[in-house]
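Novice: Sharing a structure here in structure tokens format.
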Amino acid sequence: MKTERKSCADGKGGSGEIKRRQTEREEEMRRRLLVRLELEGAVSDEQLLEFIDEEIVVENRKESIPLERRLSLRKVLFNSLRRLDVIQEFLEDETVTEIMINGPDKIFIERAGKLFKSEKQFSSREKLEDVIQQIVSRVNRTVNEANPIVDARLEDGSRVNVVLRAAAIDGPAVTIRKFGKVGFSLKQLVESGMLTEEAAEFLKECVWSRKNIFVSGGTGSGKTTFLNALSAWIPAKERIITIEDSAELKLQNLENLVRLEARRSTGEGEQEITIRDLIKTALRMRPNRIIVGEVRDGACLDMLQAMNTGHDGSMSTGHARSAKDMLARLETMAMMGGELPLTAIREQIASAIDLMVHLARKRDGSRRTETILEVLGYDRSREKYHVCTLYKRNRENGNLEKTKEQMEGSYG
């Protein structure tokens with residue numbers, strides 16, 4: 001038994017030693033390639049792959065490398081030099097929906113609503129910081145010790161949040177929310193159980209008839225996906241302006257589309273461009289509809305005023321635990337945007353928003369539509385919103401059902 005335990009320990013140590021040597025070889029090859037790239041100047045991806053192949057041939061002569069390992073090494077080195085290093089594999093994997101990096105040696109991924117810890121690691125904190133700078137520079141954003149928090153996006157629209165060591169104790173924290181290359185349709189949302197066919201048909205009619213729609217829900221509940229699906233039913237001839245903090249929306253089948261994105265001040269002469277600035281300028285761009293990706297501050301007041309000034313069919317999203325909470329949040333955010341009496345703000349909300357759709361994410365990772373409400377007005381004497389609950393998720397069977405007592409329910 002003693003001999004057997006010793007053998008197991010040796011095997012574990014041997015495996016760790018092999019992995020350490022492989023990492024050292026990768027780093028040495030990467031350093032040589034970086035030197036060569038500096039000497040060569042600008043090279044294409046094809047030329048870089050040729051350089052990598054030459055390096056692998058040299059290493060293979062020193063110590064034989066199995067074919068499978070050589071192919072893997074080729075991809076690892078290329079991703080390290082031209083892509084986003086170890087996370088590139090997850091970005092290309094369509095089953096991965098979220099990537100969470102807690103420092104260089106802890107990477108978690110989400111698949112089908114469940115979290116898994118990856119064995120992948122960055123070679124160093126410096127390498128992770130290089131990848132971060134590569135991401136933010138592509139969208140003209142800046143992150144450093146003075147400004148350690150930034151929101152950015154990848155080329156495919158995936159959302160990126162970065163917190164550097166100045167605020168993240170255990171090393172740079174990066175969260176990437178991936179979006180599919182092809183947007184979901186209402187039909188697919190029905191197939192996934194997020195909607196019923198009846199509710200989907202109703203929403204189509206609301207989009208066609210230019211109802212102002214507000215989608216609420218918690219983090220990861222599918223608000224952006226839902227908005228993209230609704231956009232497919234906007235008439236193709238209409239002129240649409242989208243306004244986002246980081247461009248994520250993928251509106252479908254729209255030719256006359258203008259996409260606007262906010263910008264933070266870089267401290268290098270570039271002024272900040274806020275959501276409020278973009279909403280105001282969008283009103284001068286002759287839009288049929290304005291779609292605000294998400295409201296989270298005083299820009300809410302500008303959005304409500306845009307909806308109330310002839311831009312019917314506009315849409316937006318916001319974070320909340322329920323439709324009732326979303327109404328309260330809209331009030332709070334609108335008050336941040338201007339010194340108006342609460343009653344006036346509530347009347348603006350009731351007049352601007354025709355329909356509220358609330359989404360939720362379940363413990364198993366599935367996303368569901370919880371309620372669809374029609375906002376009918378605001379009762380000043382009772383200080384309550386008058387709403388009509390059109391569809392509601394049945395807690396017993398989990399189905400989204402059309403309610404029988406549609407005129408019940410006032411929020412305030």
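Each chain in the structure tokens gets a letter, A, B and so on, in the order shown; residues start at 1 in every chain, and ligands are counted from 1 in the order they appear.
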Between range 118-192 of chain A and range 215-223 of chain A, at 12 Å or less, what are the per-residue closest atom pairs and their distances in Å? Count only C-alpha atoms, order by chain and rising residue number, and return it as JSON lines.
Specialist:
```
{"residue": "A:Arg159", "atom": "CA", "partner": "A:Gly220", "partner_atom": "CA", "distance": 11.6}
{"residue": "A:Ile176", "atom": "CA", "partner": "A:Gly220", "partner_atom": "CA", "distance": 11.8}
{"residue": "A:Arg177", "atom": "CA", "partner": "A:Gly220", "partner_atom": "CA", "distance": 8.7}
{"residue": "A:Lys178", "atom": "CA", "partner": "A:Gly220", "partner_atom": "CA", "distance": 10.7}
{"residue": "A:Phe179", "atom": "CA", "partner": "A:Gly222", "partner_atom": "CA", "distance": 10.4}
{"residue": "A:Gly183", "atom": "CA", "partner": "A:Gly222", "partner_atom": "CA", "distance": 11.8}
{"residue": "A:Phe184", "atom": "CA", "partner": "A:Gly222", "partner_atom": "CA", "distance": 10.5}
{"residue": "A:Leu189", "atom": "CA", "partner": "A:Gly222", "partner_atom": "CA", "distance": 10.2}
```
Novice: Using only C-alpha atoms, please write the residues we just selected to a file, as a PDB file, in the first residue's frame.
Specialist:
```
ATOM      1  CA  ARG A 159     -20.571  43.254 -23.264  1.00  0.00           C
ATOM      2  CA  ILE A 176     -17.827  39.222 -20.571  1.00  0.00           C
ATOM      3  CA  ARG A 177     -21.489  38.736 -21.420  1.00  0.00           C
ATOM      4  CA  LYS A 178     -21.584  37.065 -24.826  1.00  0.00           C
ATOM      5  CA  PHE A 179     -24.252  37.637 -27.425  1.00  0.00           C
ATOM      6  CA  GLY A 183     -30.263  37.384 -32.940  1.00  0.00           C
ATOM      7  CA  PHE A 184     -33.161  35.417 -31.483  1.00  0.00           C
ATOM      8  CA  LEU A 189     -38.325  32.617 -27.638  1.00  0.00           C
TER       9      LEU A 189
END
```
Novice: Among range 270-410 of chain A, which ones does DSSP assign to helix (DSSP H, G or I) (computed from the backbone)? Answer as a ChimeraX atom specification.
Specialist: /A:275-282,299-307,323-337,342-352
Novice: My list of candidates is A:Leu77, A:Val174, A:Leu249, A:Val35. Which is closest to Pro104 in chain A when distances are computed with only C-alpha atoms?
Specialist: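 Among the listed residues, A:Val174 lies closest to Pro104 in chain A.
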Novice: Which residue is closest to Asp379 in chain A? Choose from A:Arg125, A:Arg363, A:Arg346, A:Arg153 and count only C-alpha atoms.
Specialist: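 Looking at the shortest contact to Asp379 in chain A, the residue is A:Arg346.
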Novice: If we count only C-alpha atoms and set the cut-off at 7 Å, which residues sit around range 322-328 of chain A, ignoring sequence neighbours fewer than 3 positions away in its own chain? Please answer as a list in words.
Specialist: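 Near neighbours after the sequence-gap exclusion: Ser216, Gly217, Glu331, Thr332, Met356, His358 and Tyr411 of chain A.
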Novice: Could you give me, as a short mmCIF file (atom, residue, chain, number, x, y, z; two decimals) with all heavy atoms, in the first residue's frame, the residues within 9 Å of range 53-69 of chain A, counting only C-alpha atoms and dropping anything in the same chain fewer than 6 positions from it?
Specialist:
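Output saved as out.cif:
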```cif
data_model
loop_
_atom_site.label_atom_id
_atom_site.label_comp_id
_atom_site.auth_asym_id
_atom_site.auth_seq_id
_atom_site.Cartn_x
_atom_site.Cartn_y
_atom_site.Cartn_z
N ARG A 25 8.08 26.53 -21.97
CA ARG A 25 8.42 26.48 -23.40
C ARG A 25 7.54 27.43 -24.20
O ARG A 25 8.00 28.13 -25.09
CB ARG A 25 8.27 25.06 -23.93
CG ARG A 25 9.32 24.09 -23.40
CD ARG A 25 9.09 22.69 -23.90
NE ARG A 25 9.46 22.53 -25.30
CZ ARG A 25 9.35 21.37 -25.97
NH1 ARG A 25 8.88 20.30 -25.35
NH2 ARG A 25 9.72 21.30 -27.23
N MET A 29 8.90 30.56 -26.42
CA MET A 29 8.56 30.70 -27.85
C MET A 29 7.84 32.02 -28.10
O MET A 29 8.10 32.69 -29.10
CB MET A 29 7.68 29.52 -28.28
CG MET A 29 8.39 28.17 -28.25
SD MET A 29 7.27 26.79 -28.52
CE MET A 29 6.90 26.99 -30.26
N ARG A 32 10.33 34.88 -28.16
CA ARG A 32 11.10 34.91 -29.42
C ARG A 32 10.24 35.45 -30.57
O ARG A 32 10.72 36.21 -31.41
CB ARG A 32 11.63 33.51 -29.76
CG ARG A 32 12.72 33.01 -28.80
CD ARG A 32 13.51 31.88 -29.42
NE ARG A 32 12.71 30.73 -29.73
CZ ARG A 32 12.55 29.66 -28.92
NH1 ARG A 32 13.15 29.65 -27.74
NH2 ARG A 32 11.81 28.65 -29.28
N LEU A 33 8.98 35.07 -30.57
CA LEU A 33 8.08 35.54 -31.62
C LEU A 33 7.85 37.05 -31.50
O LEU A 33 7.78 37.77 -32.50
CB LEU A 33 6.74 34.80 -31.54
CG LEU A 33 6.77 33.36 -32.06
CD1 LEU A 33 5.54 32.59 -31.60
CD2 LEU A 33 6.86 33.33 -33.59
#
```
Novice: Any chance you could list, as a VMD selection string, the residues in range 114-235 of chain A that come up strand (DSSP E or B) when DSSP is run on the backbone?
Specialist: chain A and resid 114 to 117 149 to 153 159 to 163 173 to 177 213 to 217
Novice: Considering only C-alpha atoms, can you say which of A:Lys106, A:Glu339, A:Ser185, A:Ile273 comes closest to Asn253 in chain A?
Specialist: A:Ser185
Novice: Under the rule that only C-alpha atoms are counted, which of A:Asn288, A:Glu261, A:Gly310, A:Thr343 is the nearest residue to Ser381 in chain A?
Specialist: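 Checking each of A:Asn288, A:Glu261, A:Gly310, A:Thr343 against Ser381 in chain A, counting only C-alpha atoms, the winner is A:Thr343.
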Novice: Could you name the residues that touch range 149-151 of chain A at 8 Å or less, counting only C-alpha atoms, but leaving out those on the same chain fewer than 3 positions away, as a PyMOL selection string?
Specialist: chain A and resi 141-143+159-164+246
Novice: If we count only C-alpha atoms and set the cut-off at 9 Å, which residues sit around Gln121 in chain A, ignoring sequence neighbours fewer than 3 positions away in its own chain? Please answer as an mmCIF file with N, CA, C and O atoms, in the first residue's frame.
Specialist:
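As a result, part.cif now contains:
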```
data_model
loop_
_atom_site.group_PDB
_atom_site.id
_atom_site.type_symbol
_atom_site.label_atom_id
_atom_site.label_comp_id
_atom_site.auth_asym_id
_atom_site.auth_seq_id
_atom_site.Cartn_x
_atom_site.Cartn_y
_atom_site.Cartn_z
ATOM 1 N N VAL A 86 -5.984 33.132 -23.601
ATOM 2 C CA VAL A 86 -6.653 31.883 -23.200
ATOM 3 C C VAL A 86 -8.176 31.962 -23.287
ATOM 4 O O VAL A 86 -8.848 30.926 -23.387
ATOM 5 N N ILE A 87 -8.760 33.168 -23.259
ATOM 6 C CA ILE A 87 -10.222 33.249 -23.313
ATOM 7 C C ILE A 87 -10.760 33.215 -24.745
ATOM 8 O O ILE A 87 -11.970 33.134 -24.941
ATOM 9 N N PRO A 104 -5.618 36.609 -12.759
ATOM 10 C CA PRO A 104 -5.024 35.823 -13.853
ATOM 11 C C PRO A 104 -5.193 34.315 -13.731
ATOM 12 O O PRO A 104 -5.132 33.606 -14.734
ATOM 13 N N ASP A 105 -5.412 33.790 -12.513
ATOM 14 C CA ASP A 105 -5.438 32.340 -12.336
ATOM 15 C C ASP A 105 -6.807 31.760 -12.020
ATOM 16 O O ASP A 105 -6.926 30.582 -11.680
ATOM 17 N N LYS A 106 -7.863 32.561 -12.133
ATOM 18 C CA LYS A 106 -9.211 32.054 -11.880
ATOM 19 C C LYS A 106 -10.149 32.509 -12.985
ATOM 20 O O LYS A 106 -10.472 33.697 -13.078
ATOM 21 N N ILE A 107 -10.583 31.564 -13.817
ATOM 22 C CA ILE A 107 -11.499 31.859 -14.919
ATOM 23 C C ILE A 107 -12.716 30.953 -14.779
ATOM 24 O O ILE A 107 -12.585 29.726 -14.680
ATOM 25 N N SER A 118 -12.760 26.963 -15.043
ATOM 26 C CA SER A 118 -11.898 26.471 -16.115
ATOM 27 C C SER A 118 -10.490 26.188 -15.594
ATOM 28 O O SER A 118 -10.037 26.800 -14.631
ATOM 29 N N SER A 124 0.406 35.383 -16.618
ATOM 30 C CA SER A 124 0.801 36.371 -15.616
ATOM 31 C C SER A 124 -0.261 37.463 -15.531
ATOM 32 O O SER A 124 -1.131 37.571 -16.407
#
```
Novice: Separation of CA of Asn399 in chain A and CA of Thr95 in chain A, in Å?
Specialist: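 We find that CA of Asn399 in chain A and CA of Thr95 in chain A lie 26.3 Å from each other.
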Novice: Which is closest to Ala247 in chain A among A:Ser366, A:Ser158, A:Thr309, A:Thr274, if we use only C-alpha atoms?
Specialist: A:Ser158
